[in-house]
>>> print(open('query.pdb').read())   # PDB, N, CA and C atoms
MODEL        1
ATOM      1  N   MET K 206      99.784  83.180  77.314
ATOM      2  CA  MET K 206      98.355  82.999  77.139
ATOM      3  C   MET K 206      98.049  83.065  75.645
ATOM      4  N   LYS K 207      97.192  82.183  75.190
ATOM      5  CA  LYS K 207      96.783  82.161  73.791
ATOM      6  C   LYS K 207      95.909  83.369  73.493
ATOM      7  N   ASP K 208      95.949  83.841  72.254
ATOM      8  CA  ASP K 208      95.174  85.020  71.867
ATOM      9  C   ASP K 208      93.676  84.829  72.049
ATOM     10  N   ASN K 209      93.189  83.606  71.900
ATOM     11  CA  ASN K 209      91.752  83.382  71.999
ATOM     12  C   ASN K 209      91.309  83.054  73.428
ATOM     13  N   ASP K 210      92.249  83.008  74.362
ATOM     14  CA  ASP K 210      91.888  82.762  75.756
ATOM     15  C   ASP K 210      91.269  84.010  76.370
ATOM     16  N   GLU K 211      90.229  83.807  77.150
ATOM     17  CA  GLU K 211      89.619  84.910  77.864
ATOM     18  C   GLU K 211      90.482  85.261  79.075
ATOM     19  N   TYR K 212      90.693  86.553  79.311
ATOM     20  CA  TYR K 212      91.418  86.977  80.507
ATOM     21  C   TYR K 212      90.598  86.601  81.734
ATOM     22  N   LEU K 213      91.283  86.184  82.761
ATOM     23  CA  LEU K 213      90.648  85.916  84.046
ATOM     24  C   LEU K 213      90.821  87.149  84.936
ATOM     25  N   TYR K 214      89.950  87.291  85.914
ATOM     26  CA  TYR K 214      90.111  88.404  86.845
ATOM     27  C   TYR K 214      91.429  88.279  87.607
ATOM     28  N   THR K 215      91.909  87.072  87.782
ATOM     29  CA  THR K 215      93.208  86.886  88.425
ATOM     30  C   THR K 215      94.330  87.398  87.520
ATOM     31  N   ASP K 216      94.143  87.363  86.194
ATOM     32  CA  ASP K 216      95.132  87.926  85.276
ATOM     33  C   ASP K 216      95.216  89.445  85.455
ATOM     34  N   TYR K 217      94.046  90.086  85.481
ATOM     35  CA  TYR K 217      94.015  91.533  85.680
ATOM     36  C   TYR K 217      94.628  91.905  87.039
ATOM     37  N   SER K 218      94.260  91.173  88.071
ATOM     38  CA  SER K 218      94.771  91.510  89.401
ATOM     39  C   SER K 218      96.277  91.295  89.473
ATOM     40  N   MET K 219      96.808  90.288  88.788
ATOM     41  CA  MET K 219      98.254  90.064  88.764
ATOM     42  C   MET K 219      98.959  91.222  88.055
ATOM     43  N   GLN K 220      98.379  91.707  86.960
ATOM     44  CA  GLN K 220      98.974  92.841  86.245
ATOM     45  C   GLN K 220      99.005  94.082  87.137
ATOM     46  N   ILE K 221      97.898  94.351  87.806
ATOM     47  CA  ILE K 221      97.820  95.528  88.673
ATOM     48  C   ILE K 221      98.782  95.398  89.843
ATOM     49  N   PHE K 222      98.814  94.229  90.472
ATOM     50  CA  PHE K 222      99.706  94.038  91.610
ATOM     51  C   PHE K 222     101.170  94.165  91.193
ATOM     52  N   THR K 223     101.520  93.632  90.038
ATOM     53  CA  THR K 223     102.896  93.716  89.560
ATOM     54  C   THR K 223     103.309  95.172  89.363
ATOM     55  N   ALA K 224     102.442  95.967  88.744
ATOM     56  CA  ALA K 224     102.738  97.390  88.562
ATOM     57  C   ALA K 224     102.854  98.087  89.917
ATOM     58  N   PHE K 225     101.956  97.769  90.837
ATOM     59  CA  PHE K 225     101.976  98.378  92.171
ATOM     60  C   PHE K 225     103.241  97.987  92.929
ATOM     61  N   ALA K 226     103.596  96.716  92.906
ATOM     62  CA  ALA K 226     104.759  96.226  93.643
ATOM     63  C   ALA K 226     106.056  96.825  93.108
ATOM     64  N   ASN K 227     106.072  97.192  91.843
ATOM     65  CA  ASN K 227     107.254  97.822  91.255
ATOM     66  C   ASN K 227     107.244  99.341  91.439
ATOM     67  N   HIS K 228     106.295  99.827  92.237
ATOM     68  CA  HIS K 228     106.158 101.261  92.512
ATOM     69  C   HIS K 228     106.032 102.060  91.227
ATOM     70  N   GLY K 229     105.381 101.457  90.254
ATOM     71  CA  GLY K 229     105.210 102.107  88.954
ATOM     72  C   GLY K 229     103.867 102.799  88.854
ATOM     73  N   ILE K 230     103.738 103.963  89.503
ATOM     74  CA  ILE K 230     102.468 104.695  89.462
ATOM     75  C   ILE K 230     102.088 105.012  88.020
ATOM     76  N   ALA K 231     103.055 105.459  87.224
ATOM     77  CA  ALA K 231     102.769 105.745  85.812
ATOM     78  C   ALA K 231     102.370 104.468  85.089
ATOM     79  N   ASP K 232     103.051 103.356  85.436
ATOM     80  CA  ASP K 232     102.703 102.070  84.823
ATOM     81  C   ASP K 232     101.290 101.654  85.198
ATOM     82  N   MET K 233     100.930 101.867  86.470
ATOM     83  CA  MET K 233      99.569 101.522  86.909
ATOM     84  C   MET K 233      98.548 102.364  86.165
ATOM     85  N   HIS K 234      98.802 103.659  86.055
ATOM     86  CA  HIS K 234      97.874 104.543  85.359
ATOM     87  C   HIS K 234      97.721 104.098  83.906
ATOM     88  N   SER K 235      98.845 103.820  83.260
ATOM     89  CA  SER K 235      98.820 103.362  81.869
ATOM     90  C   SER K 235      98.062 102.037  81.745
ATOM     91  N   LEU K 236      98.338 101.122  82.651
ATOM     92  CA  LEU K 236      97.677  99.822  82.633
ATOM     93  C   LEU K 236      96.173  99.976  82.831
ATOM     94  N   LEU K 237      95.779 100.748  83.837
ATOM     95  CA  LEU K 237      94.350 100.926  84.115
ATOM     96  C   LEU K 237      93.630 101.607  82.965
ATOM     97  N   SER K 238      94.331 102.476  82.250
ATOM     98  CA  SER K 238      93.693 103.146  81.115
ATOM     99  C   SER K 238      93.413 102.169  79.973
ATOM    100  N   THR K 239      94.077 101.029  79.961
ATOM    101  CA  THR K 239      93.797 100.021  78.931
ATOM    102  C   THR K 239      92.554  99.205  79.266
ATOM    103  N   TYR K 240      92.023  99.379  80.462
ATOM    104  CA  TYR K 240      90.862  98.610  80.913
ATOM    105  C   TYR K 240      89.542  99.336  80.659
ATOM    106  N   ASP K 241      89.516 100.316  79.766
ATOM    107  CA  ASP K 241      88.303 101.087  79.531
ATOM    108  C   ASP K 241      87.084 100.210  79.263
ATOM    109  N   ASP K 242      87.218  99.246  78.365
ATOM    110  CA  ASP K 242      86.075  98.381  78.037
ATOM    111  C   ASP K 242      85.653  97.557  79.242
ATOM    112  N   GLU K 243      86.628  97.042  79.985
ATOM    113  CA  GLU K 243      86.330  96.205  81.144
ATOM    114  C   GLU K 243      85.618  97.010  82.235
ATOM    115  N   LEU K 244      86.037  98.271  82.424
ATOM    116  CA  LEU K 244      85.449  99.109  83.472
ATOM    117  C   LEU K 244      83.978  99.427  83.204
ATOM    118  N   GLU K 245      83.547  99.296  81.955
ATOM    119  CA  GLU K 245      82.134  99.515  81.635
ATOM    120  C   GLU K 245      81.265  98.373  82.145
ATOM    121  N   SER K 246      81.864  97.246  82.414
ATOM    122  CA  SER K 246      81.129  96.095  82.921
ATOM    123  C   SER K 246      80.925  96.231  84.430
ATOM    124  N   GLU K 247      79.688  96.059  84.867
ATOM    125  CA  GLU K 247      79.391  96.125  86.308
ATOM    126  C   GLU K 247      80.073  95.001  87.071
ATOM    127  N   ALA K 248      80.463  93.956  86.371
ATOM    128  CA  ALA K 248      81.079  92.801  87.024
ATOM    129  C   ALA K 248      82.582  92.969  87.210
ATOM    130  N   PHE K 249      83.191  93.978  86.566
ATOM    131  CA  PHE K 249      84.647  94.067  86.580
ATOM    132  C   PHE K 249      85.225  94.287  87.980
ATOM    133  N   ILE K 250      84.764  95.291  88.699
ATOM    134  CA  ILE K 250      85.336  95.591  90.020
ATOM    135  C   ILE K 250      85.088  94.439  90.999
ATOM    136  N   PRO K 251      83.857  93.895  91.096
ATOM    137  CA  PRO K 251      83.693  92.726  91.976
ATOM    138  C   PRO K 251      84.550  91.535  91.527
ATOM    139  N   GLY K 252      84.672  91.335  90.218
ATOM    140  CA  GLY K 252      85.505  90.245  89.712
ATOM    141  C   GLY K 252      86.969  90.470  90.037
ATOM    142  N   LEU K 253      87.407  91.713  89.917
ATOM    143  CA  LEU K 253      88.783  92.062  90.242
ATOM    144  C   LEU K 253      89.057  91.828  91.730
ATOM    145  N   LEU K 254      88.120  92.226  92.575
ATOM    146  CA  LEU K 254      88.260  91.988  94.013
ATOM    147  C   LEU K 254      88.364  90.486  94.299
ATOM    148  N   PHE K 255      87.512  89.705  93.660
ATOM    149  CA  PHE K 255      87.565  88.254  93.843
ATOM    150  C   PHE K 255      88.908  87.708  93.338
ATOM    151  N   GLY K 256      89.400  88.244  92.213
ATOM    152  CA  GLY K 256      90.701  87.834  91.688
ATOM    153  C   GLY K 256      91.815  88.097  92.689
ATOM    154  N   PHE K 257      91.773  89.247  93.358
ATOM    155  CA  PHE K 257      92.776  89.552  94.384
ATOM    156  C   PHE K 257      92.661  88.593  95.564
ATOM    157  N   LEU K 258      91.445  88.255  95.951
ATOM    158  CA  LEU K 258      91.262  87.309  97.059
ATOM    159  C   LEU K 258      91.825  85.936  96.710
ATOM    160  N   VAL K 259      91.595  85.510  95.478
ATOM    161  CA  VAL K 259      92.129  84.219  95.041
ATOM    162  C   VAL K 259      93.659  84.258  95.080
ATOM    163  N   HIS K 260      94.234  85.362  94.610
ATOM    164  CA  HIS K 260      95.699  85.491  94.658
ATOM    165  C   HIS K 260      96.213  85.478  96.091
ATOM    166  N   PHE K 261      95.519  86.154  96.988
ATOM    167  CA  PHE K 261      95.941  86.191  98.381
ATOM    168  C   PHE K 261      95.922  84.781  98.979
ATOM    169  N   GLU K 262      94.880  84.034  98.684
ATOM    170  CA  GLU K 262      94.790  82.656  99.172
ATOM    171  C   GLU K 262      95.919  81.802  98.580
ATOM    172  N   MET K 263      96.186  81.978  97.291
ATOM    173  CA  MET K 263      97.260  81.213  96.653
ATOM    174  C   MET K 263      98.622  81.587  97.241
ATOM    175  N   LEU K 264      98.815  82.870  97.513
ATOM    176  CA  LEU K 264     100.076  83.323  98.105
ATOM    177  C   LEU K 264     100.280  82.710  99.482
ATOM    178  N   LEU K 265      99.234  82.705 100.295
ATOM    179  CA  LEU K 265      99.326  82.077 101.617
ATOM    180  C   LEU K 265      99.653  80.589 101.494
ATOM    181  N   SER K 266      99.015  79.920 100.557
ATOM    182  CA  SER K 266      99.272  78.490 100.352
ATOM    183  C   SER K 266     100.708  78.254  99.895
ATOM    184  N   CYS K 267     101.198  79.083  98.995
ATOM    185  CA  CYS K 267     102.566  78.964  98.502
ATOM    186  C   CYS K 267     103.561  79.187  99.641
ATOM    187  N   MET K 268     103.316  80.205 100.443
ATOM    188  CA  MET K 268     104.208  80.490 101.571
ATOM    189  C   MET K 268     104.189  79.352 102.578
ATOM    190  N   ALA K 269     102.997  78.866 102.878
ATOM    191  CA  ALA K 269     102.886  77.767 103.840
ATOM    192  C   ALA K 269     103.648  76.545 103.345
ATOM    193  N   SER K 270     103.491  76.246 102.075
ATOM    194  CA  SER K 270     104.193  75.102 101.500
ATOM    195  C   SER K 270     105.708  75.299 101.572
ATOM    196  N   SER K 271     106.165  76.498 101.210
ATOM    197  CA  SER K 271     107.600  76.796 101.231
ATOM    198  C   SER K 271     108.183  76.722 102.635
ATOM    199  N   LEU K 272     107.381  77.146 103.614
ATOM    200  CA  LEU K 272     107.847  77.154 105.002
ATOM    201  C   LEU K 272     107.547  75.848 105.739
ATOM    202  N   GLU K 273     106.853  74.954 105.032
ATOM    203  CA  GLU K 273     106.416  73.689 105.625
ATOM    204  C   GLU K 273     105.588  73.924 106.885
ATOM    205  N   LYS K 274     104.628  74.832 106.740
ATOM    206  CA  LYS K 274     103.698  75.161 107.819
ATOM    207  C   LYS K 274     102.273  75.059 107.292
ATOM    208  N   GLU K 275     101.321  75.108 108.190
ATOM    209  CA  GLU K 275      99.913  75.110 107.807
ATOM    210  C   GLU K 275      99.511  76.523 107.364
ATOM    211  N   VAL K 276      98.558  76.598 106.450
ATOM    212  CA  VAL K 276      98.074  77.893 105.964
ATOM    213  C   VAL K 276      97.572  78.741 107.124
ATOM    214  N   GLU K 277      96.866  78.136 108.049
ATOM    215  CA  GLU K 277      96.326  78.871 109.195
ATOM    216  C   GLU K 277      97.440  79.509 110.018
ATOM    217  N   GLU K 278      98.562  78.813 110.144
ATOM    218  CA  GLU K 278      99.692  79.335 110.908
ATOM    219  C   GLU K 278     100.313  80.547 110.192
ATOM    220  N   VAL K 279     100.447  80.444 108.878
ATOM    221  CA  VAL K 279     100.991  81.550 108.096
ATOM    222  C   VAL K 279     100.036  82.736 108.136
ATOM    223  N   PHE K 280      98.734  82.472 108.005
ATOM    224  CA  PHE K 280      97.756  83.557 108.056
ATOM    225  C   PHE K 280      97.772  84.239 109.419
ATOM    226  N   SER K 281      97.873  83.467 110.473
ATOM    227  CA  SER K 281      97.933  84.032 111.822
ATOM    228  C   SER K 281      99.147  84.946 111.979
ATOM    229  N   ALA K 282     100.285  84.516 111.448
ATOM    230  CA  ALA K 282     101.494  85.345 111.501
ATOM    231  C   ALA K 282     101.282  86.639 110.710
ATOM    232  N   TYR K 283     100.623  86.519 109.554
ATOM    233  CA  TYR K 283     100.341  87.710 108.760
ATOM    234  C   TYR K 283      99.380  88.643 109.492
ATOM    235  N   ALA K 284      98.341  88.100 110.096
ATOM    236  CA  ALA K 284      97.374  88.924 110.825
ATOM    237  C   ALA K 284      98.070  89.687 111.949
ATOM    238  N   ASN K 285      98.981  89.042 112.646
ATOM    239  CA  ASN K 285      99.741  89.726 113.701
ATOM    240  C   ASN K 285     100.619  90.820 113.096
ATOM    241  N   TYR K 286     101.252  90.533 111.983
ATOM    242  CA  TYR K 286     102.091  91.506 111.286
ATOM    243  C   TYR K 286     101.252  92.713 110.871
ATOM    244  N   TYR K 287     100.083  92.447 110.312
ATOM    245  CA  TYR K 287      99.174  93.526 109.912
ATOM    246  C   TYR K 287      98.807  94.392 111.111
ATOM    247  N   ASN K 288      98.436  93.762 112.200
ATOM    248  CA  ASN K 288      98.060  94.518 113.398
ATOM    249  C   ASN K 288      99.195  95.388 113.905
ATOM    250  N   GLU K 289     100.426  94.896 113.798
ATOM    251  CA  GLU K 289     101.589  95.679 114.226
ATOM    252  C   GLU K 289     101.811  96.902 113.325
ATOM    253  N   HIS K 290     101.398  96.817 112.072
ATOM    254  CA  HIS K 290     101.655  97.887 111.102
ATOM    255  C   HIS K 290     100.419  98.714 110.753
ATOM    256  N   ARG K 291      99.289  98.411 111.364
ATOM    257  CA  ARG K 291      98.038  99.087 111.021
ATOM    258  C   ARG K 291      98.112 100.595 111.234
ATOM    259  N   GLU K 292      98.727 101.020 112.304
ATOM    260  CA  GLU K 292      98.841 102.460 112.575
ATOM    261  C   GLU K 292      99.601 103.166 111.451
ATOM    262  N   ASN K 293     100.631 102.524 110.913
ATOM    263  CA  ASN K 293     101.395 103.117 109.813
ATOM    264  C   ASN K 293     100.548 103.256 108.550
ATOM    265  N   LEU K 294      99.589 102.376 108.387
ATOM    266  CA  LEU K 294      98.731 102.409 107.202
ATOM    267  C   LEU K 294      97.767 103.591 107.232
ATOM    268  N   LYS K 295      97.503 104.108 108.414
ATOM    269  CA  LYS K 295      96.572 105.232 108.539
ATOM    270  C   LYS K 295      97.060 106.488 107.835
ATOM    271  N   VAL K 296      98.348 106.575 107.557
ATOM    272  CA  VAL K 296      98.874 107.769 106.896
ATOM    273  C   VAL K 296      98.717 107.699 105.370
ATOM    274  N   ILE K 297      98.182 106.605 104.859
ATOM    275  CA  ILE K 297      97.957 106.462 103.417
ATOM    276  C   ILE K 297      96.504 106.844 103.141
ATOM    277  N   PRO K 298      96.262 108.072 102.684
ATOM    278  CA  PRO K 298      94.891 108.579 102.548
ATOM    279  C   PRO K 298      93.914 107.679 101.795
ATOM    280  N   PRO K 299      94.270 107.097 100.640
ATOM    281  CA  PRO K 299      93.268 106.302  99.922
ATOM    282  C   PRO K 299      92.764 105.071 100.680
ATOM    283  N   LEU K 300      93.440 104.682 101.762
ATOM    284  CA  LEU K 300      92.955 103.545 102.545
ATOM    285  C   LEU K 300      91.794 103.925 103.453
ATOM    286  N   SER K 301      91.564 105.218 103.622
ATOM    287  CA  SER K 301      90.477 105.693 104.469
ATOM    288  C   SER K 301      89.178 105.787 103.670
ATOM    289  N   PRO K 302      88.120 105.087 104.105
ATOM    290  CA  PRO K 302      86.844 105.183 103.380
ATOM    291  C   PRO K 302      86.325 106.616 103.263
ATOM    292  N   SER K 303      86.535 107.445 104.279
ATOM    293  CA  SER K 303      86.045 108.827 104.202
ATOM    294  C   SER K 303      86.809 109.612 103.138
ATOM    295  N   PHE K 304      88.109 109.402 103.043
ATOM    296  CA  PHE K 304      88.902 110.057 102.000
ATOM    297  C   PHE K 304      88.437 109.601 100.625
ATOM    298  N   ALA K 305      88.271 108.300 100.459
ATOM    299  CA  ALA K 305      87.858 107.754  99.172
ATOM    300  C   ALA K 305      86.482 108.287  98.772
ATOM    301  N   GLN K 306      85.565 108.383  99.729
ATOM    302  CA  GLN K 306      84.229 108.897  99.434
ATOM    303  C   GLN K 306      84.301 110.343  98.965
ATOM    304  N   LYS K 307      85.096 111.166  99.664
ATOM    305  CA  LYS K 307      85.245 112.573  99.262
ATOM    306  C   LYS K 307      85.865 112.677  97.874
ATOM    307  N   ALA K 308      86.871 111.864  97.603
ATOM    308  CA  ALA K 308      87.518 111.881  96.289
ATOM    309  C   ALA K 308      86.529 111.472  95.199
ATOM    310  N   PHE K 309      85.715 110.476  95.489
ATOM    311  CA  PHE K 309      84.719 110.021  94.520
ATOM    312  C   PHE K 309      83.690 111.118  94.260
ATOM    313  N   GLU K 310      83.249 111.797  95.312
ATOM    314  CA  GLU K 310      82.283 112.886  95.151
ATOM    315  C   GLU K 310      82.869 114.016  94.315
ATOM    316  N   GLU K 311      84.141 114.351  94.545
ATOM    317  CA  GLU K 311      84.803 115.380  93.748
ATOM    318  C   GLU K 311      84.916 114.946  92.285
ATOM    319  N   PHE K 312      85.227 113.694  92.078
ATOM    320  CA  PHE K 312      85.336 113.159  90.723
ATOM    321  C   PHE K 312      83.986 113.269  90.011
ATOM    322  N   LYS K 313      82.904 112.919  90.703
ATOM    323  CA  LYS K 313      81.572 113.006  90.102
ATOM    324  C   LYS K 313      81.248 114.464  89.738
ATOM    325  N   LYS K 314      81.680 115.417  90.580
ATOM    326  CA  LYS K 314      81.432 116.835  90.291
ATOM    327  C   LYS K 314      82.146 117.249  88.999
ATOM    328  N   THR K 315      83.332 116.727  88.787
ATOM    329  CA  THR K 315      84.066 117.092  87.565
ATOM    330  C   THR K 315      83.387 116.530  86.326
ATOM    331  N   LEU K 316      82.613 115.460  86.515
ATOM    332  CA  LEU K 316      81.871 114.880  85.394
ATOM    333  C   LEU K 316      80.518 115.547  85.208
ATOM    334  N   GLY K 317      80.163 116.442  86.155
ATOM    335  CA  GLY K 317      78.889 117.122  86.078
ATOM    336  C   GLY K 317      77.704 116.288  86.511
ATOM    337  N   GLN K 318      77.945 115.317  87.383
ATOM    338  CA  GLN K 318      76.839 114.448  87.847
ATOM    339  C   GLN K 318      76.343 114.920  89.180
TER     340      GLN K 318
ENDMDL
END
>>> encode(input="query.pdb", output="structure tokens")
Amino acid sequence: MKDNDEYLYTDYSMQIFTAFANHGIADMHSLLSTYDDELESEAFIPGLLFGFLVHFEMLLSCMASSLEKEVEEVFSAYANYYNEHRENLKVIPPLSPSFAQKAFEEFKKTLGQ
């Protein structure tokens, strides 16, 4: 990427996903700490979410092309896979909205808000 190019939300999401996929918790923490200026923008988190959605759509398209199948067929297979593994995901606390809400409330208390 050229120095004068603006980062896209898909760029940020690719960086975060790469750190996550490599199980680099320290890398993720270090990476996220470089986003201080971006996090001040109200548009950053929604933009990041949209960037992840775009990547997910591109990944499905890439897989479908590689497998010579329709995107809908690949997505259906993924949805079934997700449903088979959903119970296992329940043991990951940050995936629970109630856990995340409590953590956020505790974080706000540490900031004195």
>>> residues_around(input="query.pdb", residues="Leu265 of chain K", least_positions_apart="6", cutoff="8 Å", atoms="all atoms listed in the file", output="PyMOL selection string")
chain K and resi 259+271+275-277+279-280
>>> select_by_dssp(input="query.pdb", residues="segment 225-302 of chain K", states="alpha helix (DSSP H)", output="ChimeraX atom specification")
/K:225-226,230-238,241-244,249-272,276-294,302
>>> atom_distance(input="query.pdb", atom1="atom CA of Leu253 of chain K", atom2="atom N of Ser218 of chain K")
6.0 Å
>>> atom_distance(input="query.pdb", atom1="atom CA of Glu243 of chain K", atom2="atom CA of Ser301 of chain K")
25.5 Å
>>> atom_distance(input="query.pdb", atom1="atom C of Thr215 of chain K", atom2="atom CA of Gly256 of chain K")
5.5 Å
>>> resolve_selection(input="query.pdb", expression="the PyMOL selection byres (((chain K and resi 214 and name CA) around 10) and name CA)", output="list in words")
Glu211, Tyr212, Leu213, Thr215, Asp216, Tyr217, Ser218, Met219, Gln220, Phe249, Ile250, Pro251, Gly252, Leu253, Leu254, Phe255, Gly256, Phe257 and Val259 of chain K
